[in-house]
>>> print(open('data_18.tsv').read())   # TSV, C-alpha atoms
chain	number	residue	atom	x	y	z
J	1	MET	CA	-28.70	55.83	-10.86
J	2	SER	CA	-28.20	52.77	-13.07
J	3	ALA	CA	-25.93	49.91	-12.09
J	4	GLU	CA	-22.47	49.84	-13.63
J	5	ARG	CA	-22.20	47.41	-16.56
J	6	VAL	CA	-19.54	44.68	-16.08
J	7	PRO	CA	-17.68	43.88	-19.31
J	8	ALA	CA	-17.31	40.25	-20.42
J	9	SER	CA	-13.62	40.75	-21.04
J	10	PRO	CA	-11.03	43.50	-20.67
J	11	MET	CA	-11.48	44.44	-24.33
J	12	GLU	CA	-15.15	43.87	-25.15
J	13	PRO	CA	-16.02	44.44	-28.84
J	14	SER	CA	-19.03	46.37	-30.08
J	15	ALA	CA	-22.20	44.41	-30.82
J	16	ALA	CA	-21.75	44.69	-34.58
J	17	THR	CA	-18.10	43.66	-34.46
J	18	LYS	CA	-18.92	40.74	-32.23
J	19	GLU	CA	-21.67	39.52	-34.55
J	20	ARG	CA	-19.30	39.65	-37.51
J	21	THR	CA	-16.62	37.77	-35.54
J	22	LEU	CA	-19.11	35.11	-34.46
J	23	ALA	CA	-20.34	34.60	-37.99
J	24	TRP	CA	-16.75	34.25	-39.21
J	25	LEU	CA	-15.85	31.79	-36.43
J	26	ARG	CA	-18.83	29.58	-37.27
J	27	THR	CA	-17.78	29.62	-40.91
J	28	VAL	CA	-14.19	28.52	-40.22
J	29	SER	CA	-14.91	26.12	-37.32
J	30	GLY	CA	-14.73	23.10	-39.61
J	31	GLU	CA	-11.46	24.33	-41.06
J	32	LEU	CA	-10.04	24.88	-37.57
J	33	SER	CA	-11.01	21.36	-36.51
J	34	THR	CA	-9.37	19.83	-39.57
J	35	ALA	CA	-6.20	21.89	-39.07
J	36	THR	CA	-6.09	20.91	-35.39
J	37	ILE	CA	-6.31	17.17	-36.14
J	38	LYS	CA	-3.55	17.52	-38.73
J	39	ARG	CA	-1.34	19.44	-36.30
J	40	LEU	CA	-1.91	16.79	-33.60
J	41	GLU	CA	-0.71	14.08	-35.97
J	42	GLU	CA	2.36	16.12	-36.92
J	43	THR	CA	3.49	17.28	-33.47
J	44	LEU	CA	2.30	14.67	-30.93
J	45	PRO	CA	3.78	11.18	-31.49
J	46	TRP	CA	1.52	9.58	-28.89
J	47	TYR	CA	-1.55	10.72	-30.83
J	48	GLY	CA	-0.45	8.99	-34.04
J	49	ASP	CA	0.40	5.78	-32.12
J	50	MET	CA	-3.13	5.46	-30.75
J	51	PRO	CA	-5.63	2.93	-32.12
J	52	PRO	CA	-8.11	4.55	-34.56
J	53	GLY	CA	-11.01	4.41	-32.11
J	54	ARG	CA	-9.18	6.20	-29.33
J	55	ARG	CA	-7.60	8.68	-31.73
J	56	SER	CA	-11.08	9.53	-32.97
J	57	ALA	CA	-12.29	10.08	-29.40
J	58	VAL	CA	-9.39	12.42	-28.63
J	59	GLY	CA	-9.97	14.32	-31.86
J	60	LEU	CA	-13.64	14.64	-30.92
J	61	VAL	CA	-12.63	16.36	-27.70
J	62	ALA	CA	-10.44	18.83	-29.63
J	63	GLN	CA	-13.31	19.62	-32.00
J	64	ALA	CA	-15.69	20.05	-29.06
J	65	GLY	CA	-13.25	22.53	-27.55
J	66	ILE	CA	-13.38	24.74	-30.65
J	67	THR	CA	-17.19	24.56	-30.82
J	68	SER	CA	-17.44	25.34	-27.10
J	69	PHE	CA	-15.14	28.36	-27.52
J	70	ILE	CA	-17.46	29.83	-30.14
J	71	SER	CA	-20.46	29.35	-27.81
J	72	TRP	CA	-18.56	30.89	-24.92
J	73	PHE	CA	-17.44	33.86	-27.03
J	74	ASP	CA	-21.11	34.47	-27.77
J	75	ASP	CA	-22.00	34.48	-24.04
J	76	PRO	CA	-18.93	34.58	-21.71
J	77	ARG	CA	-21.15	34.75	-18.58
J	78	SER	CA	-22.38	31.16	-18.99
J	79	THR	CA	-20.21	29.17	-16.58
J	80	PRO	CA	-21.12	25.45	-16.82
J	81	TRP	CA	-19.95	25.21	-20.44
J	82	ILE	CA	-16.48	23.73	-20.16
J	83	ALA	CA	-16.87	20.36	-18.45
J	84	ALA	CA	-20.24	19.65	-20.06
J	85	ASP	CA	-19.36	20.76	-23.60
J	86	VAL	CA	-15.74	19.66	-23.96
J	87	PHE	CA	-15.10	16.71	-21.67
J	88	GLY	CA	-18.68	15.52	-21.97
J	89	ALA	CA	-17.90	14.53	-25.56
J	90	ALA	CA	-15.95	11.41	-24.55
J	91	PRO	CA	-15.07	11.55	-20.84
J	92	ARG	CA	-14.29	7.89	-20.32
J	93	GLU	CA	-12.27	7.56	-23.51
J	94	LEU	CA	-10.37	10.72	-22.63
J	95	LEU	CA	-9.36	9.51	-19.18
J	96	ARG	CA	-8.51	6.01	-20.37
J	97	SER	CA	-6.57	7.10	-23.45
J	98	ILE	CA	-4.41	10.03	-22.38
J	99	SER	CA	-2.80	11.39	-19.26
J	100	LEU	CA	-3.23	14.88	-17.83
J	101	GLN	CA	0.09	15.92	-19.37
J	102	GLN	CA	-1.08	14.75	-22.79
J	103	THR	CA	-4.38	16.57	-22.32
J	104	LEU	CA	-2.53	19.82	-21.69
J	105	GLN	CA	-0.47	19.19	-24.83
J	106	LEU	CA	-3.74	18.72	-26.72
J	107	ILE	CA	-5.05	22.04	-25.39
J	108	ARG	CA	-1.82	23.83	-26.33
J	109	VAL	CA	-1.91	22.56	-29.92
J	110	THR	CA	-5.57	23.49	-30.32
J	111	VAL	CA	-5.00	27.00	-28.97
J	112	GLU	CA	-1.97	27.48	-31.21
J	113	VAL	CA	-3.97	26.54	-34.31
J	114	VAL	CA	-6.79	28.92	-33.41
J	115	GLU	CA	-4.40	31.76	-32.56
J	116	GLU	CA	-2.58	31.39	-35.89
J	117	ARG	CA	-5.88	31.55	-37.76
J	118	VAL	CA	-7.11	34.67	-35.96
J	119	LYS	CA	-3.81	36.53	-35.65
J	120	ASP	CA	-5.12	39.25	-37.96
J	121	GLY	CA	-8.36	39.62	-36.01
J	122	ASP	CA	-9.19	42.22	-33.38
J	123	ASP	CA	-7.65	42.29	-29.93
J	124	SER	CA	-10.87	41.24	-28.21
J	125	LEU	CA	-10.82	37.86	-29.99
J	126	ARG	CA	-7.23	37.17	-28.99
J	127	GLU	CA	-8.06	38.17	-25.42
J	128	ALA	CA	-10.99	35.77	-25.43
J	129	ILE	CA	-8.76	32.91	-26.62
J	130	LEU	CA	-6.38	33.50	-23.70
J	131	LEU	CA	-9.21	33.51	-21.15
J	132	TYR	CA	-10.80	30.43	-22.66
J	133	SER	CA	-7.54	28.43	-22.78
J	134	ARG	CA	-6.90	29.25	-19.12
J	135	GLU	CA	-10.36	28.11	-18.05
J	136	ILE	CA	-10.27	24.92	-20.06
J	137	ALA	CA	-6.85	24.04	-18.60
J	138	PHE	CA	-8.29	24.40	-15.10
J	139	ALA	CA	-11.33	22.37	-16.11
J	140	SER	CA	-9.19	19.53	-17.44
J	141	ALA	CA	-7.18	19.45	-14.22
J	142	ASP	CA	-10.45	19.30	-12.27
J	143	VAL	CA	-11.69	16.35	-14.35
J	144	TYR	CA	-8.52	14.36	-13.74
J	145	ALA	CA	-8.45	15.28	-10.05
J	146	ARG	CA	-11.99	14.02	-9.53
J	147	ALA	CA	-11.20	10.84	-11.44
J	148	ALA	CA	-8.06	10.28	-9.35
J	149	GLU	CA	-10.01	10.89	-6.13
J	150	ALA	CA	-12.68	8.39	-7.16
J	151	ARG	CA	-10.02	5.83	-8.10
J	152	GLY	CA	-8.23	6.40	-4.81
J	153	LEU	CA	-11.42	5.80	-2.82
J	154	TRP	CA	-12.14	2.67	-4.83
J	155	ASP	CA	-8.59	1.38	-4.32
J	156	ALA	CA	-8.83	2.02	-0.58
J	157	ARG	CA	-12.08	0.04	-0.34
J	158	LEU	CA	-10.64	-2.77	-2.45
J	159	GLU	CA	-7.46	-2.87	-0.36
J	160	ALA	CA	-9.48	-3.02	2.87
J	161	LEU	CA	-11.50	-5.91	1.41
J	162	VAL	CA	-8.33	-7.78	0.42
J	163	VAL	CA	-6.71	-7.31	3.85
J	164	ASP	CA	-9.91	-8.45	5.56
J	165	SER	CA	-9.98	-11.58	3.37
J	166	ILE	CA	-6.37	-12.34	4.28
J	167	LEU	CA	-7.03	-11.91	8.00
J	168	ARG	CA	-10.03	-14.22	7.81
J	169	GLY	CA	-8.17	-16.77	5.71
J	170	GLU	CA	-10.87	-16.55	3.04
J	171	TYR	CA	-9.38	-17.17	-0.40
J	172	ASP	CA	-11.38	-17.37	-3.60
J	173	ASP	CA	-10.68	-17.21	-7.32
J	174	GLU	CA	-11.09	-13.42	-7.36
J	175	LEU	CA	-8.54	-12.61	-4.65
J	176	PRO	CA	-5.41	-12.86	-6.89
J	177	SER	CA	-6.95	-10.52	-9.45
J	178	ARG	CA	-7.93	-8.04	-6.72
J	179	ILE	CA	-4.40	-8.07	-5.33
J	180	ALA	CA	-2.99	-7.55	-8.83
J	181	ALA	CA	-5.38	-4.62	-9.39
J	182	LEU	CA	-3.86	-2.91	-6.34
J	183	GLY	CA	-0.41	-3.02	-7.95
J	184	TRP	CA	1.04	-5.52	-5.46
J	185	HIS	CA	4.76	-6.00	-6.17
J	186	GLY	CA	5.48	-8.49	-3.42
J	187	HIS	CA	7.13	-11.79	-4.30
J	188	GLY	CA	7.94	-14.66	-1.99
J	189	GLU	CA	7.91	-14.30	1.79
J	190	VAL	CA	5.18	-12.37	3.61
J	191	SER	CA	4.69	-11.21	7.18
J	192	VAL	CA	1.83	-9.36	8.89
J	193	LEU	CA	2.36	-6.38	11.20
J	194	VAL	CA	-0.40	-5.32	13.62
J	195	GLY	CA	-0.50	-2.20	15.75
J	196	THR	CA	-2.63	0.74	16.79
J	197	ALA	CA	-3.93	3.07	14.07
J	198	PRO	CA	-2.73	6.68	14.45
J	199	ARG	CA	-5.16	9.61	14.47
J	200	MET	CA	-3.81	10.81	11.14
J	201	LEU	CA	-2.80	7.85	8.98
J	202	ASP	CA	-0.18	8.70	6.35
J	203	VAL	CA	-0.62	5.85	3.87
J	204	ASP	CA	1.76	7.37	1.33
J	205	GLN	CA	4.59	7.59	3.85
J	206	LEU	CA	4.14	3.91	4.76
J	207	ARG	CA	4.32	2.92	1.11
J	208	ARG	CA	7.39	5.09	0.48
J	209	THR	CA	9.18	3.55	3.45
J	210	ALA	CA	8.35	0.03	2.26
J	211	ARG	CA	9.52	0.75	-1.29
J	212	HIS	CA	12.80	2.13	0.08
J	213	LEU	CA	13.37	-1.27	1.69
J	214	ASP	CA	12.44	-3.23	-1.47
J	215	ALA	CA	9.13	-4.28	0.04
J	216	ASP	CA	5.44	-3.71	-0.63
J	217	VAL	CA	2.50	-3.35	1.74
J	218	LEU	CA	-1.24	-3.87	1.80
J	219	ILE	CA	-2.83	-1.56	4.37
J	220	GLY	CA	-6.05	-2.11	6.28
J	221	VAL	CA	-7.64	-0.29	9.20
J	222	GLN	CA	-9.95	-2.31	11.43
J	223	GLY	CA	-11.39	-0.11	14.11
J	224	SER	CA	-8.46	1.02	16.23
J	225	ARG	CA	-6.06	-1.50	14.65
J	226	LEU	CA	-3.75	-0.85	11.73
J	227	VAL	CA	-2.79	-4.01	9.81
J	228	LEU	CA	0.03	-4.17	7.28
J	229	VAL	CA	0.64	-7.18	5.05
J	230	ILE	CA	4.33	-6.89	4.14
J	231	GLY	CA	5.80	-8.66	1.12
J	232	ARG	CA	9.28	-8.67	-0.26
J	233	ALA	CA	9.64	-7.05	-3.67
J	234	GLU	CA	11.23	-9.04	-6.46
J	235	GLN	CA	14.83	-9.61	-5.50
J	236	GLU	CA	17.35	-7.66	-7.53
J	237	THR	CA	20.68	-8.96	-8.77
J	238	ASP	CA	24.03	-7.23	-9.08
J	239	GLU	CA	26.19	-7.00	-12.19
J	240	ASN	CA	27.42	-10.56	-11.60
J	241	GLY	CA	23.90	-11.97	-11.46
J	242	VAL	CA	24.09	-12.61	-7.71
J	243	SER	CA	20.94	-11.86	-5.73
J	244	THR	CA	21.32	-8.88	-3.42
J	245	SER	CA	20.55	-9.34	0.25
J	246	GLN	CA	17.23	-8.05	1.53
J	247	PRO	CA	16.53	-6.69	5.01
J	248	PRO	CA	14.76	-9.01	7.45
J	249	PHE	CA	11.12	-8.37	8.26
J	250	THR	CA	12.11	-7.13	11.72
J	251	ASP	CA	14.10	-4.29	10.11
J	252	ILE	CA	11.21	-3.47	7.78
J	253	ALA	CA	8.80	-3.42	10.72
J	254	SER	CA	11.13	-1.12	12.69
J	255	ALA	CA	11.26	1.29	9.75
J	256	LEU	CA	7.45	1.29	9.49
J	257	GLU	CA	6.98	1.73	13.25
J	258	PRO	CA	6.65	5.57	13.19
J	259	GLY	CA	3.56	5.22	10.99
J	260	PHE	CA	1.63	3.50	13.80
J	261	GLY	CA	-0.06	5.00	16.83
J	262	ASP	CA	0.97	4.53	20.44
J	263	GLY	CA	0.81	1.06	21.92
J	264	HIS	CA	2.18	-2.35	21.10
J	265	LEU	CA	3.32	-3.42	17.65
J	266	VAL	CA	3.40	-7.14	16.83
J	267	LEU	CA	5.02	-8.85	13.84
J	268	GLY	CA	3.73	-12.24	12.77
J	269	HIS	CA	6.07	-15.00	11.69
J	270	GLU	CA	7.35	-15.18	8.12
J	271	VAL	CA	5.37	-17.35	5.70
J	272	PRO	CA	6.43	-18.49	2.20
J	273	SER	CA	3.78	-16.65	0.17
J	274	LEU	CA	0.78	-14.34	0.27
J	275	VAL	CA	-1.55	-17.33	0.09
J	276	GLU	CA	-0.38	-18.36	3.57
J	277	ALA	CA	-0.46	-14.84	5.04
J	278	ALA	CA	-3.49	-15.75	7.18
J	279	GLN	CA	-1.21	-17.84	9.42
J	280	SER	CA	1.06	-14.89	10.09
J	281	ALA	CA	-1.99	-12.66	10.59
J	282	LYS	CA	-3.51	-14.99	13.19
J	283	ALA	CA	-0.25	-15.07	15.14
J	284	ALA	CA	0.13	-11.27	14.98
J	285	LEU	CA	-3.46	-10.63	16.05
J	286	ALA	CA	-3.19	-13.11	18.92
J	287	GLY	CA	0.06	-11.51	20.02
J	288	PHE	CA	-1.40	-8.01	19.80
J	289	ALA	CA	-4.29	-9.05	22.06
J	290	VAL	CA	-1.91	-10.13	24.88
J	291	ALA	CA	1.14	-7.91	24.30
J	292	ARG	CA	0.27	-5.74	27.29
J	293	SER	CA	1.00	-8.77	29.52
J	294	TRP	CA	4.70	-8.43	28.77
J	295	ARG	CA	5.66	-5.31	30.64
J	296	ASN	CA	8.92	-4.68	28.77
J	297	ALA	CA	7.88	-5.90	25.35
J	298	PRO	CA	9.93	-4.24	22.60
J	299	ARG	CA	8.32	-2.33	19.74
J	300	PRO	CA	7.94	-4.11	17.43
J	301	VAL	CA	7.80	-7.50	19.12
J	302	LEU	CA	7.70	-10.86	17.37
J	303	ALA	CA	4.48	-12.80	17.81
J	304	ASP	CA	6.60	-15.89	18.58
J	305	ASP	CA	8.17	-14.04	21.51
J	306	LEU	CA	4.66	-13.82	23.00
J	307	LEU	CA	4.01	-17.57	22.81
J	308	PRO	CA	3.55	-18.04	26.60
J	309	GLU	CA	0.99	-15.21	26.85
J	310	ARG	CA	-0.81	-16.40	23.74
J	311	ALA	CA	-0.93	-19.97	25.05
J	312	LEU	CA	-2.35	-18.81	28.41
J	313	ALA	CA	-5.00	-16.83	26.51
J	314	GLY	CA	-6.07	-20.02	24.75
J	315	ASP	CA	-4.37	-19.62	21.37
J	316	PRO	CA	-4.12	-23.17	19.95
J	317	LEU	CA	-1.49	-22.10	17.43
J	318	ALA	CA	0.79	-20.87	20.23
J	319	ARG	CA	0.33	-24.10	22.20
J	320	SER	CA	1.13	-26.33	19.24
J	321	THR	CA	4.11	-24.11	18.32
J	322	LEU	CA	5.60	-24.40	21.81
J	323	VAL	CA	5.17	-28.17	21.89
J	324	ASN	CA	6.34	-28.83	18.33
J	325	ARG	CA	9.30	-26.46	18.32
J	326	ILE	CA	10.63	-26.99	21.84
J	327	TYR	CA	9.31	-30.00	23.73
J	328	LYS	CA	9.18	-32.62	20.97
J	329	PRO	CA	12.56	-31.78	19.38
J	330	LEU	CA	14.27	-31.96	22.78
J	331	LYS	CA	12.61	-35.22	23.71
J	332	THR	CA	13.42	-36.75	20.33
J	333	HIS	CA	17.04	-35.56	20.44
J	334	SER	CA	17.91	-36.46	24.02
J	335	THR	CA	15.88	-37.13	27.17
J	336	GLU	CA	19.03	-36.16	29.08
J	337	LEU	CA	18.84	-32.63	27.68
J	338	LEU	CA	15.12	-32.46	28.43
J	339	THR	CA	15.71	-33.54	32.02
J	340	THR	CA	18.55	-31.06	32.47
J	341	LEU	CA	16.37	-28.21	31.19
J	342	TRP	CA	13.53	-29.20	33.54
J	343	CYS	CA	15.86	-29.25	36.51
J	344	TYR	CA	17.56	-25.98	35.58
J	345	LEU	CA	14.26	-24.12	35.31
J	346	ASP	CA	12.80	-25.74	38.46
J	347	ASN	CA	15.89	-24.69	40.43
J	348	GLY	CA	15.54	-21.02	39.54
J	349	ARG	CA	18.18	-21.19	36.77
J	350	SER	CA	20.92	-22.04	39.25
J	351	LEU	CA	23.80	-24.06	37.78
J	352	GLU	CA	24.98	-25.28	41.19
J	353	ALA	CA	21.55	-26.42	42.37
J	354	THR	CA	20.93	-28.19	39.07
J	355	ALA	CA	24.33	-29.90	39.24
J	356	ARG	CA	23.65	-31.13	42.78
J	357	GLU	CA	20.28	-32.57	41.78
J	358	LEU	CA	21.71	-34.34	38.74
J	359	PHE	CA	24.96	-35.35	40.50
J	360	VAL	CA	27.09	-33.73	37.80
J	361	HIS	CA	29.59	-30.89	37.60
J	362	PRO	CA	28.19	-27.35	36.94
J	363	ASN	CA	30.25	-27.25	33.75
J	364	THR	CA	28.35	-30.31	32.56
J	365	VAL	CA	25.08	-28.46	33.16
J	366	ARG	CA	26.46	-25.47	31.29
J	367	TYR	CA	27.48	-27.70	28.38
J	368	ARG	CA	24.07	-29.37	28.22
J	369	LEU	CA	22.29	-26.03	28.23
J	370	LYS	CA	24.46	-24.99	25.31
J	371	ARG	CA	23.34	-28.17	23.54
J	372	VAL	CA	19.71	-27.29	24.30
J	373	SER	CA	20.18	-23.90	22.68
J	374	ASP	CA	21.75	-25.52	19.61
J	375	VAL	CA	18.81	-27.91	19.21
J	376	ILE	CA	15.84	-25.55	19.67
J	377	GLY	CA	17.31	-22.05	19.26
J	378	TRP	CA	16.24	-20.71	22.66
J	379	ASP	CA	18.73	-19.89	25.41
J	380	ALA	CA	17.54	-21.03	28.83
J	381	THR	CA	19.91	-18.64	30.63
J	382	GLY	CA	17.87	-15.62	29.46
J	383	SER	CA	15.04	-14.58	31.75
J	384	ARG	CA	12.45	-14.06	29.00
J	385	GLU	CA	13.42	-17.17	27.06
J	386	ALA	CA	13.26	-19.19	30.27
J	387	ILE	CA	9.56	-18.31	30.50
J	388	VAL	CA	9.04	-19.49	26.93
J	389	LEU	CA	10.87	-22.76	27.58
J	390	GLN	CA	9.09	-23.47	30.85
J	391	SER	CA	5.71	-22.90	29.19
J	392	ALA	CA	6.70	-25.31	26.43
J	393	LEU	CA	7.73	-27.98	28.93
J	394	ILE	CA	4.45	-27.63	30.85
J	395	LEU	CA	2.30	-27.81	27.71
J	396	GLY	CA	4.41	-30.63	26.29
J	397	SER	CA	4.12	-32.73	29.43
J	398	ILE	CA	0.35	-32.21	29.47
J	399	ALA	CA	0.03	-33.33	25.87
J	400	ASP	CA	2.56	-36.17	26.24
J	401	THR	CA	0.53	-39.07	27.60
J	402	ASP	CA	3.37	-41.55	27.00
J	403	GLY	CA	6.07	-39.55	28.73
J	404	GLN	CA	6.85	-38.87	32.36
J	405	THR	CA	7.87	-35.59	33.89
J	406	PRO	CA	11.34	-35.77	35.46
J	407	ARG	CA	11.05	-35.87	39.24
J	408	ARG	CA	13.42	-34.64	41.93
J	409	ARG	CA	15.64	-37.30	43.35
>>> encode(input="data_18.tsv", output="structure tokens")
Amino acid sequence: MSAERVPASPMEPSAATKERTLAWLRTVSGELSTATIKRLEETLPWYGDMPPGRRSAVGLVAQAGITSFISWFDDPRSTPWIAADVFGAAPRELLRSISLQQTLQLIRVTVEVVEERVKDGDDSLREAILLYSREIAFASADVYARAAEARGLWDARLEALVVDSILRGEYDDELPSRIAALGWHGHGEVSVLVGTAPRMLDVDQLRRTARHLDADVLIGVQGSRLVLVIGRAEQETDENGVSTSQPPFTDIASALEPGFGDGHLVLGHEVPSLVEAAQSAKAALAGFAVARSWRNAPRPVLADDLLPERALAGDPLARSTLVNRIYKPLKTHSTELLTTLWCYLDNGRSLEATARELFVHPNTVRYRLKRVSDVIGWDATGSREAIVLQSALILGSIADTDGQTPRRR
């Protein structure tokens, strides 16, 4: 019993009819190509606006499609024809010149021209045109999908390289162009956010969240760490030309927090531009390394709120920050305030004990502590901030060879 013969199409023509149709198609192929190019110019504005070289490349693809259809009609069982015959004509020019939507418009116009020319032909030819147009549409989508996937992988590698350069503080002449190639829209201030990478990283969701807050992000994964370089987008203005307010980096970090894995999340201090992002990155990385030492650390936590832990771990930036932002300003402003702060912290933050030691009224101590907060921005009456201030006083007194630590009377 012989095997059942599988038809090439639902309405397969006889051998003689098919030979006559093929001969006719080869005869009119040049005419079809010319009519297609003319129709493209008449119906697709983007085609006429192209430079001559690119327009020629697109027209070459349309002509290749007609030639490939004739070959396929001759042998429909040959499968590798589409991508090799049609898009192999000018693949790079095609992808650079037109979008997927424009490619589908090109296919539609070509099919319409061919259908109009063969409308008086047999049903098998019209059936073949439908099958061919479907397959070539799928093939074009596949070409663009593979190109997009390759571009996405390249962008991810480039972005990882840029983030690594920022973390290392390595800047060269090529870094600005690499950042621009990634479509960075950040302008002005930058901050770096460091946390644990989740098992399934949703990069698109992080970018959508940042865009919603008028910010942009560069994303890098380093082992188990997820690093985000956050930049403010160009500030918009209202109808009166007044710049609209932008959310602080702490709010942006809180919105991005769900995109990180479990564990601590540390936000580096704000720096004026992307060029100085390495400073914020160093602070965030140093804070992330010691964040577990603060039992009730919020998420996210500022790297500057981890200054005592960072200083104990040997971070020179944390030590200099504590001395320069707390000890030196207080000493320069008033030794009386410095002495009061020392006594208050040494006496377990007791107003009465401090007042007795200094021979002043407790209200005077309270007033001086308010002055301390005005000068340096930290409130000594808070338990966490008291740790920061005491660390600053210890490090400042060690570094201050000309000063003398206040002693109990």
>>> residues_around(input="data_18.tsv", residues="Leu312 (chain J)", least_positions_apart="5", cutoff="10 Å", atoms="all atoms listed in the file", output="ChimeraX atom specification")
/J:290,307,318-319,391
>>> residues_near_point(input="data_18.tsv", point="(-4.0, -10.4, 24.9)", cutoff="10 Å", atoms="only C-alpha atoms", output="list in words")
Leu285, Ala286, Gly287, Phe288, Ala289, Val290, Ala291, Arg292, Ser293, Trp294, Leu306, Glu309, Arg310, Leu312, Ala313, Gly314 and Asp315 of chain J
>>> residues_around(input="data_18.tsv", residues="region 27-32 of chain J", least_positions_apart="2", cutoff="8 Å", atoms="only C-alpha atoms", output="list in words")
Ala23, Trp24, Leu25, Thr34, Ala35, Thr36, Ile66, Thr67, Val113, Val114 and Arg117 of chain J
>>> write_last_selection(input="data_18.tsv", atoms="C-alpha atoms", output="CSV table (one decimal), keeping the file's coordinate frame")
chain,number,residue,atom,x,y,z
J,23,ALA,CA,-20.3,34.6,-38.0
J,24,TRP,CA,-16.8,34.2,-39.2
J,25,LEU,CA,-15.8,31.8,-36.4
J,34,THR,CA,-9.4,19.8,-39.6
J,35,ALA,CA,-6.2,21.9,-39.1
J,36,THR,CA,-6.1,20.9,-35.4
J,66,ILE,CA,-13.4,24.7,-30.6
J,67,THR,CA,-17.2,24.6,-30.8
J,113,VAL,CA,-4.0,26.5,-34.3
J,114,VAL,CA,-6.8,28.9,-33.4
J,117,ARG,CA,-5.9,31.6,-37.8
>>> atom_distance(input="data_18.tsv", atom1="CA of Pro272 (chain J)", atom2="CA of Ala215 (chain J)")
14.6 Å
>>> closest_residue(input="data_18.tsv", among="J:Lys331, J:Glu135, J:Ala62, J:Leu161", to="Thr103 (chain J)", atoms="all atoms listed in the file")
J:Ala62
>>> residues_around(input="data_18.tsv", residues="Ser320 (chain J)", least_positions_apart="4", cutoff="10 Å", atoms="only C-alpha atoms", output="list in words")
Leu307, Ala311, Asp315, Pro316, Asn324, Arg325, Ile326, Ala392, Leu395, Gly396 and Ala399 of chain J
>>> atom_distance(input="data_18.tsv", atom1="CA of Thr21 (chain J)", atom2="CA of Arg134 (chain J)")
20.9 Å
>>> residues_near_point(input="data_18.tsv", point="(6.1, -2.2, 0.0)", cutoff="9 Å", atoms="all atoms listed in the file", output="NGL selection string")
:J and (184-186 or 206-218 or 229-233)
>>> closest_residue(input="data_18.tsv", among="J:Thr110, J:Thr339, J:Ile129, J:Gly377", to="Glu357 (chain J)", atoms="only C-alpha atoms")
J:Thr339
>>> closest_residue(input="data_18.tsv", among="J:Glu257, J:Asp164, J:Asp305, J:Glu42", to="Gln205 (chain J)", atoms="all atoms listed in the file")
J:Glu257
>>> closest_residue(input="data_18.tsv", among="J:Ala160, J:Leu167, J:Ala197, J:Ile37", to="Leu182 (chain J)", atoms="only C-alpha atoms")
J:Ala160
>>> atom_distance(input="data_18.tsv", atom1="CA of Glu116 (chain J)", atom2="CA of Arg20 (chain J)")
18.7 Å
>>> residues_around(input="data_18.tsv", residues="Glu352 (chain J)", least_positions_apart="6", cutoff="9 Å", atoms="only C-alpha atoms", output="ChimeraX atom specification")
/J:361-362,365
